[in-house]
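Asks: The following file, input_34.tsv, comprises TSV, C-alpha atoms:
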chain	number	residue	atom	x	y	z
C	1	MET	CA	-15.41	7.59	-12.18
C	2	ARG	CA	-13.37	5.97	-14.92
C	3	VAL	CA	-9.67	6.47	-14.21
C	4	ILE	CA	-6.54	5.66	-16.22
C	5	GLY	CA	-3.37	4.88	-14.27
C	6	LEU	CA	0.10	5.15	-15.83
C	7	MET	CA	3.21	3.64	-14.29
C	8	SER	CA	6.80	2.94	-15.25
C	9	GLY	CA	8.95	1.40	-12.56
C	10	THR	CA	12.64	1.34	-11.82
C	11	SER	CA	13.21	-1.26	-14.54
C	12	TYR	CA	12.04	1.40	-17.09
C	13	ASP	CA	11.21	-1.29	-19.64
C	14	ALA	CA	7.67	-0.13	-20.48
C	15	ILE	CA	4.79	2.07	-19.46
C	16	GLU	CA	1.91	0.16	-17.92
C	17	ALA	CA	-1.44	1.75	-18.69
C	18	ALA	CA	-4.44	0.38	-16.82
C	19	ALA	CA	-8.00	1.60	-16.42
C	20	ALA	CA	-10.73	1.00	-13.88
C	21	ASP	CA	-14.13	2.22	-12.82
C	22	LEU	CA	-13.88	3.50	-9.25
C	23	THR	CA	-16.81	4.25	-6.97
C	24	LEU	CA	-16.69	5.31	-3.33
C	25	GLU	CA	-19.59	4.02	-1.22
C	26	GLY	CA	-19.07	4.96	2.40
C	27	GLU	CA	-16.08	3.01	3.69
C	28	THR	CA	-15.92	0.80	0.60
C	29	LEU	CA	-14.03	1.71	-2.56
C	30	ARG	CA	-15.29	-0.40	-5.45
C	31	MET	CA	-12.94	-1.03	-8.37
C	32	ARG	CA	-13.78	-2.73	-11.64
C	33	PRO	CA	-10.58	-3.19	-13.69
C	34	LEU	CA	-11.04	-2.56	-17.40
C	35	GLY	CA	-7.75	-3.98	-18.66
C	36	ARG	CA	-4.14	-2.99	-19.22
C	37	ILE	CA	-1.87	-2.08	-22.09
C	38	PRO	CA	1.92	-2.34	-21.87
C	39	VAL	CA	3.56	0.32	-24.03
C	40	ALA	CA	7.28	-0.08	-24.66
C	41	TYR	CA	9.48	2.98	-24.56
C	42	PRO	CA	11.08	3.86	-27.91
C	43	ASP	CA	14.60	2.44	-27.96
C	44	GLU	CA	16.22	5.87	-28.16
C	45	LEU	CA	14.24	7.18	-25.19
C	46	ARG	CA	14.91	4.09	-23.12
C	47	ALA	CA	18.64	4.44	-23.81
C	48	ALA	CA	18.50	8.10	-22.78
C	49	ILE	CA	16.80	7.18	-19.50
C	50	GLY	CA	19.45	4.57	-18.78
C	51	ALA	CA	22.23	7.02	-19.60
C	52	ALA	CA	20.89	9.58	-17.11
C	53	LEU	CA	20.20	7.26	-14.17
C	54	PRO	CA	22.55	7.21	-11.16
C	55	PRO	CA	25.46	6.93	-10.85
C	56	ALA	CA	25.79	8.59	-14.27
C	57	THR	CA	26.21	12.33	-14.54
C	58	THR	CA	23.85	14.29	-16.74
C	59	SER	CA	22.88	17.84	-17.73
C	60	THR	CA	19.84	20.05	-17.33
C	61	GLU	CA	19.41	19.86	-21.11
C	62	ALA	CA	19.22	16.05	-20.95
C	63	ILE	CA	16.75	16.18	-18.04
C	64	CYS	CA	14.60	18.70	-19.92
C	65	ALA	CA	14.60	16.48	-23.01
C	66	LEU	CA	13.70	13.45	-20.91
C	67	ASP	CA	10.86	15.31	-19.18
C	68	THR	CA	9.39	16.06	-22.60
C	69	GLY	CA	10.12	12.67	-24.18
C	70	ILE	CA	8.75	10.69	-21.24
C	71	GLY	CA	5.72	12.98	-21.04
C	72	GLN	CA	5.01	12.39	-24.72
C	73	ALA	CA	5.43	8.63	-24.31
C	74	PHE	CA	3.05	8.63	-21.33
C	75	ALA	CA	0.61	10.75	-23.35
C	76	GLY	CA	0.66	8.16	-26.13
C	77	ALA	CA	-0.01	5.38	-23.63
C	78	ALA	CA	-2.89	7.39	-22.12
C	79	VAL	CA	-4.49	7.96	-25.53
C	80	ARG	CA	-4.32	4.24	-26.25
C	81	ALA	CA	-5.84	3.41	-22.88
C	82	LEU	CA	-8.59	5.97	-23.41
C	83	ASP	CA	-9.47	4.50	-26.80
C	84	GLU	CA	-8.85	0.79	-26.25
C	85	LEU	CA	-9.82	0.31	-22.61
C	86	CYS	CA	-12.32	3.08	-21.95
C	87	GLY	CA	-14.16	3.45	-25.26
C	88	GLY	CA	-13.14	7.12	-25.35
C	89	ASP	CA	-14.82	7.89	-22.02
C	90	ALA	CA	-12.77	8.58	-18.85
C	91	GLY	CA	-12.67	11.29	-16.21
C	92	LEU	CA	-9.08	11.31	-14.99
C	93	VAL	CA	-5.52	10.22	-15.78
C	94	VAL	CA	-3.07	9.53	-12.97
C	95	SER	CA	0.59	9.45	-13.97
C	96	HIS	CA	3.40	8.20	-11.77
C	97	GLY	CA	6.01	9.26	-14.31
C	98	GLN	CA	9.50	7.81	-14.49
C	99	THR	CA	11.61	7.89	-11.32
C	100	MET	CA	15.03	9.27	-12.13
C	101	HIS	CA	16.35	9.93	-8.63
C	102	HIS	CA	15.28	9.16	-5.06
C	103	TRP	CA	17.47	11.32	-2.83
C	104	VAL	CA	18.22	9.48	0.42
C	105	ARG	CA	20.76	10.59	3.02
C	106	ASP	CA	21.32	8.74	6.30
C	107	GLY	CA	17.99	6.96	5.92
C	108	ALA	CA	16.00	10.18	5.37
C	109	VAL	CA	14.51	11.02	1.98
C	110	LEU	CA	15.27	14.61	1.03
C	111	GLY	CA	13.68	14.66	-2.41
C	112	THR	CA	12.54	12.62	-5.36
C	113	LEU	CA	12.39	13.23	-9.10
C	114	GLN	CA	9.84	11.68	-11.44
C	115	LEU	CA	9.96	12.91	-15.03
C	116	GLY	CA	7.18	12.95	-17.63
C	117	GLN	CA	5.58	16.38	-17.99
C	118	ALA	CA	1.86	15.98	-17.31
C	119	ALA	CA	0.92	18.79	-19.72
C	120	TRP	CA	1.58	16.44	-22.66
C	121	ILE	CA	-0.91	13.94	-21.22
C	122	ALA	CA	-3.57	16.59	-20.58
C	123	GLU	CA	-3.09	18.03	-24.06
C	124	ALA	CA	-3.31	14.65	-25.79
C	125	THR	CA	-6.31	13.30	-23.85
C	126	GLY	CA	-8.14	16.47	-22.85
C	127	LEU	CA	-8.46	15.00	-19.36
C	128	PRO	CA	-7.23	16.33	-16.01
C	129	VAL	CA	-4.04	14.65	-14.81
C	130	VAL	CA	-2.82	13.97	-11.28
C	131	SER	CA	0.97	13.63	-11.23
C	132	ASP	CA	4.06	14.05	-9.02
C	133	LEU	CA	2.47	12.00	-6.25
C	134	ARG	CA	5.52	11.31	-4.08
C	135	ALA	CA	6.76	14.82	-3.26
C	136	ARG	CA	4.04	15.81	-0.77
C	137	ASP	CA	4.69	12.82	1.49
C	138	ILE	CA	8.40	13.67	1.51
C	139	ALA	CA	7.59	17.27	2.42
C	140	ALA	CA	5.64	15.85	5.37
C	141	GLY	CA	8.72	13.97	6.56
C	142	GLY	CA	7.93	10.66	4.84
C	143	GLN	CA	9.88	8.40	2.54
C	144	GLY	CA	7.57	9.04	-0.43
C	145	ALA	CA	7.64	5.28	-0.95
C	146	PRO	CA	6.23	2.76	-1.22
C	147	LEU	CA	3.02	4.61	-2.12
C	148	VAL	CA	1.25	1.37	-3.05
C	149	GLY	CA	0.86	0.86	0.71
C	150	MET	CA	-2.52	2.61	0.75
C	151	THR	CA	-4.03	0.47	-2.02
C	152	ASP	CA	-2.43	-2.68	-0.62
C	153	THR	CA	-3.93	-1.98	2.80
C	154	LEU	CA	-7.42	-1.42	1.40
C	155	LEU	CA	-7.12	-4.62	-0.63
C	156	LEU	CA	-5.73	-6.86	2.14
C	157	ARG	CA	-7.68	-5.55	5.10
C	158	GLY	CA	-9.99	-8.25	6.44
C	159	LEU	CA	-8.05	-11.20	5.04
C	160	PRO	CA	-7.32	-13.91	7.61
C	161	GLY	CA	-4.02	-14.17	9.45
C	162	VAL	CA	-1.32	-11.62	8.68
C	163	PRO	CA	-1.49	-10.85	4.97
C	164	ALA	CA	1.16	-8.91	3.09
C	165	ALA	CA	1.54	-7.65	-0.47
C	166	LEU	CA	4.89	-8.05	-2.22
C	167	ASN	CA	5.74	-6.19	-5.41
C	168	LEU	CA	8.77	-7.48	-7.32
C	169	GLY	CA	9.80	-4.64	-9.59
C	170	GLY	CA	13.29	-3.22	-9.93
C	171	ILE	CA	13.04	-2.78	-6.17
C	172	ALA	CA	11.00	-5.11	-3.97
C	173	ASN	CA	8.49	-3.56	-1.60
C	174	ILE	CA	6.16	-5.07	0.96
C	175	THR	CA	3.02	-3.96	2.77
C	176	VAL	CA	2.04	-5.86	5.93
C	177	VAL	CA	-1.54	-5.55	7.19
C	178	ALA	CA	-1.65	-7.27	10.58
C	179	PRO	CA	-4.88	-7.18	12.60
C	180	ASP	CA	-5.23	-4.51	15.28
C	181	THR	CA	-2.00	-2.72	14.27
C	182	ASP	CA	-1.13	0.02	11.83
C	183	PRO	CA	0.00	-1.20	8.39
C	184	VAL	CA	3.72	-1.28	7.66
C	185	ALA	CA	5.23	-0.72	4.21
C	186	PHE	CA	8.84	-0.49	3.05
C	187	ASP	CA	11.33	-1.42	0.34
C	188	THR	CA	13.07	-4.68	1.20
C	189	GLY	CA	15.91	-4.21	-1.32
C	190	PRO	CA	16.54	-5.12	-4.94
C	191	ALA	CA	14.21	-7.44	-6.83
C	192	ASN	CA	15.19	-7.14	-10.50
C	193	ALA	CA	17.50	-4.12	-10.32
C	194	LEU	CA	20.79	-5.98	-9.89
C	195	LEU	CA	19.63	-8.98	-11.95
C	196	ASP	CA	18.75	-6.80	-14.93
C	197	ALA	CA	22.00	-4.85	-14.61
C	198	ALA	CA	23.98	-8.10	-14.55
C	199	VAL	CA	22.22	-9.52	-17.61
C	200	ARG	CA	22.79	-6.34	-19.63
C	201	HIS	CA	26.44	-6.30	-18.56
C	202	PHE	CA	27.21	-9.96	-19.29
C	203	THR	CA	25.39	-9.93	-22.67
C	204	ALA	CA	26.70	-6.50	-23.73
C	205	GLY	CA	23.10	-5.30	-23.96
C	206	ALA	CA	21.85	-8.18	-26.09
C	207	ARG	CA	19.42	-9.20	-23.33
C	208	GLU	CA	17.61	-7.02	-20.83
C	209	TYR	CA	16.63	-9.53	-18.12
C	210	ASP	CA	16.88	-13.15	-17.05
C	211	GLU	CA	13.81	-14.48	-18.83
C	212	SER	CA	11.93	-17.00	-16.65
C	213	GLY	CA	15.04	-17.19	-14.45
C	214	ARG	CA	16.77	-19.53	-16.92
C	215	GLY	CA	20.22	-18.14	-16.25
C	216	ALA	CA	19.82	-18.38	-12.50
C	217	ALA	CA	18.46	-21.92	-12.82
C	218	ALA	CA	21.58	-22.94	-14.75
C	219	GLY	CA	23.98	-21.39	-12.23
C	220	GLN	CA	25.37	-22.22	-8.82
C	221	GLU	CA	25.13	-19.74	-5.97
C	222	SER	CA	28.36	-18.22	-4.67
C	223	PRO	CA	28.39	-18.23	-0.84
C	224	GLU	CA	31.20	-15.66	-0.77
C	225	LEU	CA	29.41	-13.19	-3.04
C	226	LEU	CA	26.12	-13.71	-1.23
C	227	ARG	CA	27.71	-13.03	2.17
C	228	LEU	CA	29.28	-9.85	0.85
C	229	LEU	CA	26.02	-8.61	-0.68
C	230	LEU	CA	24.09	-9.36	2.51
C	231	ASP	CA	26.48	-7.09	4.43
C	232	GLU	CA	24.73	-4.10	2.82
C	233	PRO	CA	23.73	-1.77	5.71
C	234	TYR	CA	20.37	-0.97	4.08
C	235	TYR	CA	18.97	-4.37	5.07
C	236	ARG	CA	19.50	-3.61	8.75
C	237	LEU	CA	17.74	-0.24	8.73
C	238	PRO	CA	14.37	-0.17	10.48
C	239	ALA	CA	11.19	0.48	8.55
C	240	PRO	CA	9.89	2.73	7.18
C	241	LYS	CA	12.65	2.91	4.59
C	242	SER	CA	13.03	3.19	0.84
C	243	THR	CA	15.75	2.74	-1.74
C	244	GLY	CA	16.34	2.63	-5.47
C	245	LYS	CA	18.87	2.45	-8.25
C	246	GLU	CA	20.80	5.24	-6.59
C	247	LEU	CA	22.18	2.39	-4.47
C	248	PHE	CA	21.55	-0.85	-6.33
C	249	HIS	CA	23.14	-0.33	-9.74
C	250	LEU	CA	25.78	-1.95	-11.95
C	251	PRO	CA	28.85	-0.27	-10.38
C	252	TYR	CA	27.60	-1.48	-6.97
C	253	LEU	CA	27.53	-5.04	-8.33
C	254	LEU	CA	30.90	-4.73	-10.07
C	255	ARG	CA	32.53	-3.55	-6.84
C	256	ALA	CA	31.13	-6.61	-5.09
C	257	LEU	CA	32.46	-8.87	-7.85
C	258	GLU	CA	35.91	-7.33	-7.47
C	259	ALA	CA	35.90	-8.30	-3.80
C	260	ALA	CA	34.29	-11.73	-4.36
C	261	PRO	CA	35.01	-12.79	-7.96
C	262	VAL	CA	32.60	-15.18	-9.70
C	263	ALA	CA	33.69	-16.54	-13.06
C	264	GLU	CA	30.39	-17.74	-14.51
C	265	PRO	CA	27.67	-15.17	-15.30
C	266	ASN	CA	24.90	-17.65	-14.49
C	267	ASP	CA	26.41	-18.15	-11.04
C	268	VAL	CA	26.11	-14.41	-10.47
C	269	LEU	CA	22.46	-14.53	-11.54
C	270	ALA	CA	21.75	-17.45	-9.21
C	271	THR	CA	23.37	-15.55	-6.32
C	272	LEU	CA	21.46	-12.34	-7.03
C	273	THR	CA	18.18	-14.24	-7.22
C	274	ARG	CA	18.91	-15.81	-3.84
C	275	LEU	CA	19.76	-12.36	-2.46
C	276	THR	CA	16.29	-11.10	-3.34
C	277	ALA	CA	14.64	-14.22	-1.92
C	278	LEU	CA	16.55	-13.95	1.35
C	279	THR	CA	15.94	-10.24	1.90
C	280	VAL	CA	12.24	-10.62	1.10
C	281	ALA	CA	11.97	-13.65	3.40
C	282	ASP	CA	13.72	-11.82	6.25
C	283	ALA	CA	11.14	-9.03	6.03
C	284	VAL	CA	8.24	-11.48	5.87
C	285	ARG	CA	9.44	-13.46	8.89
C	286	ALA	CA	10.14	-10.33	10.92
C	287	HIS	CA	6.47	-9.33	10.66
C	288	GLY	CA	4.90	-12.76	11.13
C	289	VAL	CA	3.29	-12.82	7.69
C	290	THR	CA	1.10	-15.85	6.96
C	291	GLN	CA	0.15	-15.19	3.32
C	292	LEU	CA	1.97	-13.21	0.65
C	293	VAL	CA	0.20	-11.66	-2.33
C	294	VAL	CA	2.77	-11.28	-5.12
C	295	SER	CA	2.78	-8.93	-8.11
C	296	GLY	CA	5.20	-7.17	-10.44
C	297	GLY	CA	7.54	-8.31	-13.18
C	298	GLY	CA	9.46	-10.62	-10.86
C	299	ALA	CA	6.26	-12.61	-10.28
C	300	HIS	CA	6.85	-14.06	-13.78
C	301	ASN	CA	10.24	-15.44	-12.75
C	302	PRO	CA	9.52	-18.95	-11.43
C	303	VAL	CA	13.06	-19.36	-10.11
C	304	LEU	CA	12.74	-16.21	-8.00
C	305	THR	CA	9.27	-17.04	-6.69
C	306	GLY	CA	10.40	-20.61	-6.10
C	307	MET	CA	13.32	-19.43	-4.00
C	308	ILE	CA	11.03	-17.13	-2.00
C	309	ALA	CA	8.67	-20.05	-1.37
C	310	GLU	CA	11.65	-22.22	-0.38
C	311	GLU	CA	12.73	-19.60	2.17
C	312	LEU	CA	9.17	-19.31	3.53
C	313	PRO	CA	7.82	-22.85	3.83
C	314	GLY	CA	5.01	-21.86	6.21
C	315	VAL	CA	3.76	-18.90	4.18
C	316	ARG	CA	1.13	-19.16	1.46
C	317	LEU	CA	2.13	-17.38	-1.77
C	318	LEU	CA	-0.54	-16.33	-4.25
C	319	PRO	CA	-0.64	-13.92	-7.20
C	320	SER	CA	-2.59	-10.69	-6.83
C	321	ASP	CA	-4.72	-11.97	-9.72
C	322	ASP	CA	-6.38	-14.28	-7.18
C	323	LEU	CA	-7.75	-11.15	-5.48
C	324	GLY	CA	-8.97	-9.74	-8.78
C	325	VAL	CA	-6.04	-7.39	-9.41
C	326	PRO	CA	-3.92	-8.36	-12.45
C	327	SER	CA	-0.31	-8.67	-11.33
C	328	ASP	CA	1.14	-6.64	-14.19
C	329	ALA	CA	-1.43	-3.87	-13.76
C	330	LYS	CA	-1.33	-3.65	-9.98
C	331	GLU	CA	0.93	-0.63	-9.60
C	332	ALA	CA	-0.82	1.32	-12.38
C	333	LEU	CA	-4.16	0.56	-10.72
C	334	ALA	CA	-2.73	1.51	-7.33
C	335	PHE	CA	-1.82	4.94	-8.64
C	336	ALA	CA	-5.25	5.26	-10.27
C	337	VAL	CA	-6.67	4.79	-6.77
C	338	LEU	CA	-4.34	7.43	-5.32
C	339	GLY	CA	-5.34	9.99	-7.95
C	340	PHE	CA	-9.00	9.21	-7.36
C	341	LEU	CA	-8.52	9.84	-3.63
C	342	THR	CA	-6.78	13.15	-4.35
C	343	LEU	CA	-9.64	14.32	-6.56
C	344	HIS	CA	-12.08	13.51	-3.74
C	345	GLY	CA	-10.08	15.37	-1.09
C	346	LEU	CA	-8.78	12.25	0.63
C	347	PRO	CA	-5.20	11.46	1.73
C	348	GLY	CA	-3.30	8.78	-0.13
C	349	THR	CA	-0.61	7.96	2.41
C	350	LEU	CA	-0.33	5.96	5.60
C	351	PRO	CA	2.14	7.56	8.04
C	352	SER	CA	2.91	4.13	9.47
C	353	GLY	CA	3.99	3.07	5.97
C	354	THR	CA	6.05	6.06	4.90
C	355	GLY	CA	7.08	7.60	8.23
C	356	ALA	CA	5.41	10.93	7.49
C	357	ARG	CA	4.18	13.20	10.28
C	358	HIS	CA	0.61	13.00	8.97
C	359	PRO	CA	-1.43	11.68	6.02
C	360	SER	CA	-1.26	13.83	2.88
C	361	LEU	CA	-3.28	14.66	-0.18
C	362	LEU	CA	-0.97	13.65	-3.00
C	363	GLY	CA	0.08	15.13	-6.28
C	364	SER	CA	-0.46	18.12	-8.51
C	365	ILE	CA	-3.49	18.48	-10.81
C	366	THR	CA	-3.08	19.61	-14.41
C	367	PRO	CA	-6.44	20.65	-15.90
C	368	GLY	CA	-7.71	19.11	-19.13
C	369	ARG	CA	-9.43	20.97	-21.97
C	370	ARG	CA	-12.48	21.89	-19.88
C	371	PRO	CA	-12.52	24.02	-16.72
C	372	LEU	CA	-11.47	21.94	-13.74
C	373	ARG	CA	-14.40	20.89	-11.58
C	374	LEU	CA	-13.55	18.75	-8.59
C	375	PRO	CA	-16.09	16.44	-6.94
C	376	GLU	CA	-17.43	17.35	-3.53
C	377	PRO	CA	-14.90	16.23	-0.90
C	378	ALA	CA	-15.76	12.77	0.39
C	379	ALA	CA	-17.07	12.65	3.92
C	380	THR	CA	-15.52	9.27	4.71
C	381	ALA	CA	-12.19	7.71	3.73
C	382	PRO	CA	-12.39	4.13	2.47
C	383	ARG	CA	-11.32	1.27	4.70
C	384	ARG	CA	-11.45	-1.52	2.15
C	385	LEU	CA	-11.13	-2.06	-1.58
C	386	LEU	CA	-13.67	-4.35	-3.20
C	387	VAL	CA	-12.59	-5.58	-6.64
C	388	GLU	CA	-15.42	-6.48	-8.97
C	389	ALA	CA	-15.17	-8.59	-12.09
C	390	ARG	CA	-15.82	-6.89	-15.39
C	391	PRO	CA	-19.29	-7.88	-16.68
What's the structure tokens form of this structure?
Replies:
Amino acid sequence: MRVIGLMSGTSYDAIEAAAADLTLEGETLRMRPLGRIPVAYPDELRAAIGAALPPATTSTEAICALDTGIGQAFAGAAVRALDELCGGDAGLVVSHGQTMHHWVRDGAVLGTLQLGQAAWIAEATGLPVVSDLRARDIAAGGQGAPLVGMTDTLLLRGLPGVPAALNLGGIANITVVAPDTDPVAFDTGPANALLDAAVRHFTAGAREYDESGRGAAAGQESPELLRLLLDEPYYRLPAPKSTGKELFHLPYLLRALEAAPVAEPNDVLATLTRLTALTVADAVRAHGVTQLVVSGGGAHNPVLTGMIAEELPGVRLLPSDDLGVPSDAKEALAFAVLGFLTLHGLPGTLPSGTGARHPSLLGSITPGRRPLRLPEPAATAPRRLLVEARP
């Protein structure tokens, strides 16, 4: 089946559209990536998303408008992927949507909100759409995140040593696949969330992120600010756990800077980059990881990846591209896999990764133009993901 995956992360800078041919053969899921297309949000829509994110207040009218606007933007990205990556032929679209709120109280996730009405995607492409993938895991007592844990586990299973996958988006998440134990997946803390917020603040919106880590490279770390930031209770919570911009946002950073002032913006960037490196490294060491497969926007920041490598001298770091999965397309492809599993009657969660009571079939299905016909339920769940090169 040819599947299109759509993803926009907590950095909300663009929609990643990726496509792949997926085939289930017994315990092996075969994936042949067909390419990716990054589609930037319109400036007005991106500003509206930023204005509604926590800790801002908003209105039901604004949320309704965002649900429509994001849905239309995702529909446009899906149409492009259908035409440019799939030659007009695909069987399914899987849309993560845009996370607007991840409701966590005392370590338990009570709800989550991803906007981007799937009806716009189904109408524009004529294809069935799987969407709203996180809610079912939360209803089963899980964190609803990180959902990439299933795809990561299938990809890493069988690699030597103790492999782990690290995604450096707005939030950093890790999946550890140690032999003879259940996989573990959780959010380690901020990756780009605080960095991006700092850059926007210090440049009055002229820049969105610290390109190639140049600001951090030019700065000096502040031990006082770093100590204060590392006192965040989230880092000491046991896995499974998840977080988001409900916690790690600009006011959070500004409160820290009030308590531990830093005069130079680049020094703040250097300190925040070290914060991410340290919190990632702590998680990696705690689980005895021997090789780390890195993806996400932060993988393009050589200062950040260099600091992570510096903190983990005995751990091999490699991009997910080395395993055949393009780093920038990894999350979109991961959600394509989850939607494919849903369509075939297979769960997309690992209770050891999310803390749920049981595995769950994920998402809601919006029919396309034709009557919805689901495949026969698969008799066997996959245990590994085999990535094939495009001919």
Asks: Take CA of Asp231 in chain C and CA of Gly296 in chain C and report the distance between them in Å, one decimal.
Replies: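 One can read the CA of Asp231 in chain C to CA of Gly296 in chain C distance as 26.0 Å.
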Asks: Which of these, C:Pro160, C:Gly244, C:Gly144, C:Gly219, has the shortest distance to Val268 in chain C once you count only C-alpha atoms?
Replies: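 Among the listed residues, C:Gly219 lies closest to Val268 in chain C.
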Asks: At what distance in Å, to one decimal, does CA of Leu22 in chain C lie from CA of Val293 in chain C?
Replies: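 Interatomic distance, CA of Val293 in chain C to CA of Leu22 in chain C: 21.8 Å.
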Asks: When you look at Gln98 in chain C with a cut-off of 7 Å (counting all atoms listed in the file), what residues show up, excluding the ones that are within fewer than 2 positions of it in the same chain? I need them as a ChimeraX atom specification.
Replies: /C:8-9,96,100,114-116
Asks: What would the file look like if the residues just selected were written as an mmCIF file, keeping the file's coordinate frame with C-alpha atoms?
Replies:
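Result written to part_9.cif:
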data_model
loop_
_atom_site.group_PDB
_atom_site.id
_atom_site.type_symbol
_atom_site.label_atom_id
_atom_site.label_comp_id
_atom_site.auth_asym_id
_atom_site.auth_seq_id
_atom_site.Cartn_x
_atom_site.Cartn_y
_atom_site.Cartn_z
ATOM 1 C CA SER C 8 6.800 2.940 -15.250
ATOM 2 C CA GLY C 9 8.950 1.400 -12.560
ATOM 3 C CA HIS C 96 3.400 8.200 -11.770
ATOM 4 C CA MET C 100 15.030 9.270 -12.130
ATOM 5 C CA GLN C 114 9.840 11.680 -11.440
ATOM 6 C CA LEU C 115 9.960 12.910 -15.030
ATOM 7 C CA GLY C 116 7.180 12.950 -17.630
#
Asks: Skip Ala378 in chain C itself and residues of its chain fewer than 6 positions away, then list as a list in words all residues within 12 Å of it, counting only C-alpha atoms.
Replies: Thr23, Leu24, Glu25, Gly26, Glu27, Thr28, Leu29, Phe340, Leu341, Thr342, Leu343, His344, Gly345, Leu346 and Pro347 of chain C
Asks: Please report the interatomic distance between CA of Gly353 in chain C and CA of Pro233 in chain C in Å with one decimal.
Replies: 20.3 Å
Asks: Can you pull out the residues contacting range 319-335 of chain C? Cut-off 6 Å, using only C-alpha atoms, and skip same-chain residues under 2 positions away; I want them as number ranges by chain.
Replies: C: 5-7, 18, 148, 151, 293-296, 337-338, 387
Asks: Show me a table, sorted first by chain and then by increasing residue number, of the residues of range 133-220 of chain C having an atom at most 9 Å from range 245-261 of chain C, each with its shortest atom pair and the distance in Å to one decimal, counting all atoms listed in the file and written as JSON lines.
Replies:
{"residue": "C:Gly170", "atom": "CA", "partner": "C:Lys245", "partner_atom": "CA", "distance": 8.1}
{"residue": "C:Ile171", "atom": "CA", "partner": "C:Lys245", "partner_atom": "CA", "distance": 8.1}
{"residue": "C:Gly189", "atom": "CA", "partner": "C:Phe248", "partner_atom": "CA", "distance": 8.3}
{"residue": "C:Pro190", "atom": "CA", "partner": "C:Phe248", "partner_atom": "CA", "distance": 6.7}
{"residue": "C:Ala193", "atom": "CA", "partner": "C:Phe248", "partner_atom": "CA", "distance": 6.6}
{"residue": "C:Leu194", "atom": "CA", "partner": "C:His249", "partner_atom": "CA", "distance": 6.1}
{"residue": "C:Ala197", "atom": "CA", "partner": "C:Leu250", "partner_atom": "CA", "distance": 5.5}
{"residue": "C:Ala198", "atom": "CA", "partner": "C:Leu250", "partner_atom": "CA", "distance": 6.9}
{"residue": "C:His201", "atom": "CA", "partner": "C:Leu250", "partner_atom": "CA", "distance": 7.9}
Asks: What's around Leu195 in chain C at 8 Å? Count only C-alpha atoms, leave out sequence neighbours fewer than 3 positions away in its own chain, and write the answer as a ChimeraX atom specification.
Replies: /C:191-192,198-199,209-210,269,272-273
Asks: Write out as a PDB file with C-alpha atoms, keeping the file's coordinate frame each polymer residue whose atoms come within 7 Å of Leu304 in chain C, counting only C-alpha atoms; drop sequence neighbours fewer than 3 positions from it.
Replies:
ATOM      1  CA  GLY C 213      15.040 -17.190 -14.450  1.00  0.00           C
ATOM      2  CA  THR C 273      18.180 -14.240  -7.220  1.00  0.00           C
ATOM      3  CA  ALA C 277      14.640 -14.220  -1.920  1.00  0.00           C
ATOM      4  CA  ASN C 301      10.240 -15.440 -12.750  1.00  0.00           C
ATOM      5  CA  MET C 307      13.320 -19.430  -4.000  1.00  0.00           C
ATOM      6  CA  ILE C 308      11.030 -17.130  -2.000  1.00  0.00           C
TER       7      ILE C 308
END
Asks: Kindly provide the residues of range 117-194 of chain C that approach range 80-94 of chain C to within 10 Å, each paired with its closest atom pair and their distance in Å to one decimal, based on all atoms listed in the file, listed by chain and increasing number, as a tab-separated table.
Replies:
residue	atom	partner	partner_atom	distance
C:Ala118	CA	C:Val94	CA	9.2
C:Ile121	CA	C:Val93	CA	8.0
C:Ala122	CA	C:Val93	CA	8.2
C:Thr125	CA	C:Leu82	CA	7.7
C:Gly126	CA	C:Leu92	CA	9.4
C:Leu127	CA	C:Leu92	CA	5.8
C:Pro128	CA	C:Leu92	CA	5.4
C:Val129	CA	C:Val93	CA	4.8
C:Val130	CA	C:Val94	CA	4.8
C:Ser131	CA	C:Val94	CA	6.0
C:Asp132	CA	C:Val94	CA	9.3
C:Leu133	CA	C:Val94	CA	9.1
Asks: From the options C:Ile365, C:Ala78, C:Leu317, C:Ala124, which residue's atoms come nearest to Ala299 in chain C, counting only C-alpha atoms?
Replies: C:Leu317
Asks: Which of these residues is nearest to Leu34 in chain C, using only C-alpha atoms: C:Arg2, C:Asp67, C:Leu53, C:Ile15?
Replies: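 Looking only at the distances to Leu34 in chain C, the closest residue turns out to be C:Arg2.
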Asks: From the set C:Glu388, C:Glu211, C:Glu264, C:Asp152, which residue has the shortest atom-to-atom contact distance to Leu292 in chain C, counting all atoms listed in the file?
Replies: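 Between C:Glu388, C:Glu211, C:Glu264, C:Asp152, the residue approaching Leu292 in chain C most closely is C:Asp152.
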Asks: With distances taken over only C-alpha atoms, which of C:Gly215, C:Gly368, C:Gly158, C:Pro240 is nearest to Asp187 in chain C?
Replies: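 Closest to Asp187 in chain C of all the choices is C:Pro240.
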Asks: Take every atom of range 382-387 of chain C listed in the file, fit an axis-aligned box around them, add 4 Å per side, and give the centre and edge lengths in Å to one decimal as AutoDock Vina command-line options.
Replies:
--center_x -12.4 --center_y -0.7 --center_z -1.0 --size_x 10.5 --size_y 17.7 --size_z 19.3
Asks: Have a look at C:Asp182, C:Gln220, C:Arg357, C:Ile70 and name the one nearest to Gly149 in chain C; count only C-alpha atoms.
Replies: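 That would be C:Asp182, the residue with the smallest distance to Gly149 in chain C.
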Asks: Could you check which residues have any atom within 12 Å of (18.8, 13.9, -21.0), counting all atoms listed in the file with coordinates taken straight from the file, and then list them as a list in words?
Replies: Glu44, Leu45, Arg46, Ala47, Ala48, Ile49, Gly50, Ala51, Ala52, Leu53, Ala56, Thr57, Thr58, Ser59, Thr60, Glu61, Ala62, Ile63, Cys64, Ala65, Leu66, Asp67, Thr68, Gly69, Ile70, Met100 and Leu115 of chain C
